[in-house]
Every structure is written in structure tokens, then in C-alpha cells.
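For reference, coords_31.csv is printed below; it contains CSV, C-alpha atoms.
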chain,number,residue,atom,x,y,z
A,774,MET,CA,0.0,0.0,0.0
A,775,LYS,CA,1.3,3.4,-1.0
A,776,PRO,CA,1.8,5.8,2.0
A,777,ASP,CA,-0.3,9.0,2.0
A,778,LEU,CA,2.1,11.8,1.6
A,779,SER,CA,-0.4,14.5,0.9
A,780,TRP,CA,0.3,16.1,4.3
A,781,VAL,CA,3.8,16.8,3.1
A,782,LEU,CA,2.5,18.8,0.2
A,783,ASN,CA,0.0,20.6,2.4
A,784,ASP,CA,2.8,21.8,4.6
A,785,VAL,CA,4.7,23.3,1.7
A,786,LEU,CA,1.5,25.1,0.5
A,787,THR,CA,1.3,27.0,3.8
A,788,VAL,CA,3.8,29.4,2.4
A,789,ARG,CA,2.0,32.5,1.2
A,790,GLY,CA,1.9,32.5,-2.6
A,791,ALA,CA,2.3,28.7,-3.0
A,792,ARG,CA,-0.2,27.3,-5.5
A,793,HIS,CA,0.4,23.7,-6.3
A,794,ALA,CA,2.8,21.0,-5.2
A,795,ILE,CA,3.5,17.6,-6.8
A,796,LEU,CA,5.9,14.8,-5.9
A,797,VAL,CA,7.4,13.2,-8.9
A,798,SER,CA,9.5,10.0,-9.6
A,799,SER,CA,12.6,10.3,-11.8
A,800,ASP,CA,10.8,8.5,-14.6
A,801,GLY,CA,8.0,11.0,-14.6
A,802,LEU,CA,5.3,9.3,-12.6
A,803,LEU,CA,3.1,11.3,-10.3
A,804,LEU,CA,3.7,10.1,-6.7
A,805,GLU,CA,1.5,12.6,-4.9
A,806,ARG,CA,-0.3,15.9,-5.6
A,807,SER,CA,-1.8,18.7,-3.6
A,808,SER,CA,-5.6,18.7,-3.5
A,809,ASP,CA,-6.0,21.8,-5.6
A,810,ILE,CA,-4.5,20.5,-8.8
A,811,PRO,CA,-6.5,18.1,-11.0
A,812,ARG,CA,-4.9,14.7,-11.5
A,813,ASP,CA,-4.6,15.1,-15.3
A,814,GLU,CA,-2.8,18.4,-14.9
A,815,ALA,CA,-0.6,17.0,-12.1
A,816,GLU,CA,0.4,14.0,-14.2
A,817,THR,CA,1.3,16.2,-17.2
A,818,ASN,CA,3.4,18.4,-15.0
A,819,ALA,CA,5.0,15.4,-13.3
A,820,ALA,CA,6.3,14.2,-16.7
A,821,ALA,CA,7.6,17.7,-17.5
A,822,MET,CA,9.3,18.1,-14.1
A,823,SER,CA,11.1,14.8,-14.7
A,824,SER,CA,12.5,16.1,-17.9
A,825,MET,CA,13.4,19.4,-16.2
A,826,GLN,CA,15.4,17.7,-13.5
A,827,SER,CA,17.1,15.5,-16.1
A,828,LEU,CA,18.1,18.6,-18.1
A,829,SER,CA,19.3,20.3,-14.9
A,830,ARG,CA,21.5,17.4,-14.0
A,831,ALA,CA,22.9,17.2,-17.6
A,832,VAL,CA,24.3,20.8,-17.3
A,833,SER,CA,25.5,20.5,-13.7
A,834,GLY,CA,29.1,20.3,-15.0
A,835,PHE,CA,28.7,23.9,-16.1
A,836,VAL,CA,29.0,24.9,-12.5
A,837,ALA,CA,32.0,24.7,-10.1
A,838,GLY,CA,34.6,23.8,-12.7
A,839,GLY,CA,32.7,20.8,-13.9
A,840,LYS,CA,32.1,19.4,-10.5
A,841,GLY,CA,28.7,20.8,-9.8
A,842,VAL,CA,25.9,18.6,-8.4
A,843,TRP,CA,22.3,19.5,-9.1
A,844,LYS,CA,20.2,20.2,-6.1
A,845,GLN,CA,17.4,22.6,-7.1
A,846,THR,CA,16.0,24.4,-10.2
A,847,LEU,CA,14.1,27.6,-10.1
A,848,MET,CA,12.1,28.6,-13.2
A,849,GLU,CA,10.5,32.0,-13.6
A,850,TYR,CA,7.4,32.7,-15.7
A,851,ASP,CA,5.4,35.8,-16.2
A,852,GLY,CA,2.8,34.3,-13.8
A,853,GLY,CA,5.0,32.9,-11.1
A,854,TRP,CA,7.8,30.5,-10.2
A,855,ILE,CA,8.4,26.8,-10.2
A,856,PHE,CA,10.7,25.4,-7.6
A,857,LEU,CA,12.1,21.9,-8.3
A,858,LYS,CA,14.1,20.1,-5.7
A,859,ALA,CA,15.6,16.6,-5.2
A,860,ALA,CA,13.5,14.8,-2.5
A,861,GLY,CA,15.3,11.5,-2.0
A,862,SER,CA,16.6,8.8,-4.3
A,863,GLY,CA,14.6,9.1,-7.5
A,864,ALA,CA,12.0,11.6,-6.2
A,865,TYR,CA,11.5,15.3,-6.8
A,866,LEU,CA,9.3,17.9,-5.2
A,867,ALA,CA,7.9,20.6,-7.5
A,868,VAL,CA,6.0,23.6,-6.2
A,869,SER,CA,4.3,26.3,-8.3
A,870,THR,CA,4.0,29.8,-6.7
A,871,ALA,CA,2.9,33.3,-7.4
A,872,LEU,CA,5.5,36.0,-8.4
A,873,ASP,CA,5.4,37.6,-4.9
A,874,VAL,CA,6.2,34.4,-3.0
A,875,ASP,CA,8.9,34.7,-0.3
A,876,MET,CA,11.5,32.7,-2.3
A,877,GLU,CA,13.8,32.2,0.7
A,878,LEU,CA,11.0,30.9,2.9
A,879,MET,CA,9.7,28.6,0.1
A,880,ALA,CA,13.2,27.2,-0.5
A,881,LEU,CA,13.6,26.7,3.3
A,882,ARG,CA,10.2,25.0,3.7
A,883,MET,CA,11.0,22.6,0.8
A,884,HIS,CA,14.4,21.8,2.3
A,885,GLN,CA,12.8,21.1,5.7
A,886,VAL,CA,10.2,18.9,4.2
A,887,VAL,CA,12.6,16.9,2.1
A,888,THR,CA,15.1,16.6,5.0
A,889,ALA,CA,12.4,15.5,7.5
A,890,LEU,CA,11.0,12.8,5.3
A,891,GLY,CA,14.2,11.4,3.8
A,892,LYS,CA,13.5,7.8,2.9
A,893,ALA,CA,9.7,8.3,2.9
A,894,LEU,CA,10.1,10.4,-0.2
A,895,SER,CA,12.5,8.1,-2.0
A,896,ALA,CA,11.1,6.3,-5.0
A,897,GLN,CA,12.7,3.2,-6.1
A,898,PRO,CA,13.2,2.6,-9.9
A,899,ARG,CA,10.4,0.5,-11.4
A,900,GLN,CA,11.3,-3.2,-11.6
A,901,SER,CA,10.9,-5.2,-14.8
A,902,THR,CA,8.0,-7.6,-14.8
A,903,GLY,CA,10.0,-10.0,-16.8
A,904,ALA,CA,7.5,-9.8,-19.7
A,905,GLU,CA,9.0,-9.2,-23.1
A,906,ALA,CA,7.7,-6.3,-25.0
Could you render the structure from this file as C-alpha cells?
Amino acid sequence: MKPDLSWVLNDVLTVRGARHAILVSSDGLLLERSSDIPRDEAETNAAAMSSMQSLSRAVSGFVAGGKGVWKQTLMEYDGGWIFLKAAGSGAYLAVSTALDVDMELMALRMHQVVTALGKALSAQPRQSTGAEA
């Protein structure tokens, strides 16, 4: 049985200006969503966030003389921000916010949530069923 992690997302959404939160696996599966985002929209964004973290990791060598390690991505849009943060082995927390969000508080809250949950937020890679395609 999958543990209910919606309380994690609700905690992140207590920051003024936070809109939606999703928990994503590295292969783009939606693991959890905040209650205010429809499942279809959350699943579409989960796939996109998986791609964004992959791109961010791919360019991590551009930082620190080629020794950078990806930790978080911040994307700005004319309607707000998206924060994307590693949340355990193979899991990522994405939060959509308004433009006027307290960015430092949001980053801190996301860090606290991810740190507190550790293994609970880790998603193991999907295992092969053994069936040939």
C-alpha cells in the first residue's frame, strides 16, 4: 500500500503565494499531488518536471569547474515561479508559486520537508515484470 504523503504537500503550501505541489518520480510518474490541482494536470506536469530535473542534471558540469551537483532548479514565468528540488533517491518535489512568494521561505520550507522525510520520499526505480515487449 502506498503511504499517504499529501500532508507533506499541504505543509509546503502553507507558504503565502504557494499554488500547487507535486511529488514526482525520476521516470515522470506522479507520486502525490496537492488537493487543488486536477490529477490530469498533475500527471502532465510530473512528466515535464522529470524532464526538467534531467536537463538540470545534464548541465550541472557547467557549475563549479565541472564538479557541480544538481540540487534545485528555479524557473521564472510571467505568472510565477516553479521550484524543483531533489527529494530523496529518485523523487523530486515541484512547487508552483505566485510571483510575490517569499522565495527564501519557500526554499527553506521545501528543504525542511525533504530533510524531515528522507526515505519516505524516496522512490525506487520501477522493476521489470519479466515480460518481453
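Between atom CA of A:Leu878 and atom CA of A:Gly790 the separation is 10.8 Å.
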Q) Excluding same-chain residues fewer than 4 positions from A:Thr846, what lies within 7 Å of it counting all atoms listed in the file, as a VMD selection string? A) chain A and resid 856 to 858
For those residues, write C-alpha atoms to a file as a short mmCIF file (atom, residue, chain, number, x, y, z; two decimals), in the frame of the given file.
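The resulting file, again_1.cif, is reproduced below:
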data_model
loop_
_atom_site.label_atom_id
_atom_site.label_comp_id
_atom_site.auth_asym_id
_atom_site.auth_seq_id
_atom_site.Cartn_x
_atom_site.Cartn_y
_atom_site.Cartn_z
CA PHE A 856 10.70 25.40 -7.60
CA LEU A 857 12.10 21.90 -8.30
CA LYS A 858 14.10 20.10 -5.70
#
Q. To one decimal place, how far is atom CA of A:Asp809 from atom CA of A:Val785 in Å?
A. 13.0 Å
Q. Which residue, A:Met848, A:Val836, A:Val797, A:Ala831, has the smallest gap to A:Ser869 when you use all atoms listed in the file?
A. A:Met848
Q. Which neighbours of A:Glu814 fall inside 12 Å, counting only C-alpha atoms, when residues of the same chain fewer than 6 positions from it are skipped, and could you give them as a list of chain:residue names?
A.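 Within the cut-off, the hits are A:His793, A:Ala794, A:Ile795, A:Leu803, A:Arg806, A:Ser807, A:Ser808, A:Ala820, A:Ala821.
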**Q.** Residue nearest A:Ala860 among A:Asn783, A:Thr888, A:Ser833, A:Ser823 (counting only C-alpha atoms)
**A.**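 Result for the nearest residue to A:Ala860: A:Thr888.
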Six-sided padding of 4 Å per side, axis-aligned box over stretch 814-821 of chain A, centre and edges in Å, one decimal, as AutoDock Vina command-line options:
--center_x 2.4 --center_y 16.2 --center_z -14.8 --size_x 18.4 --size_y 12.4 --size_z 13.4
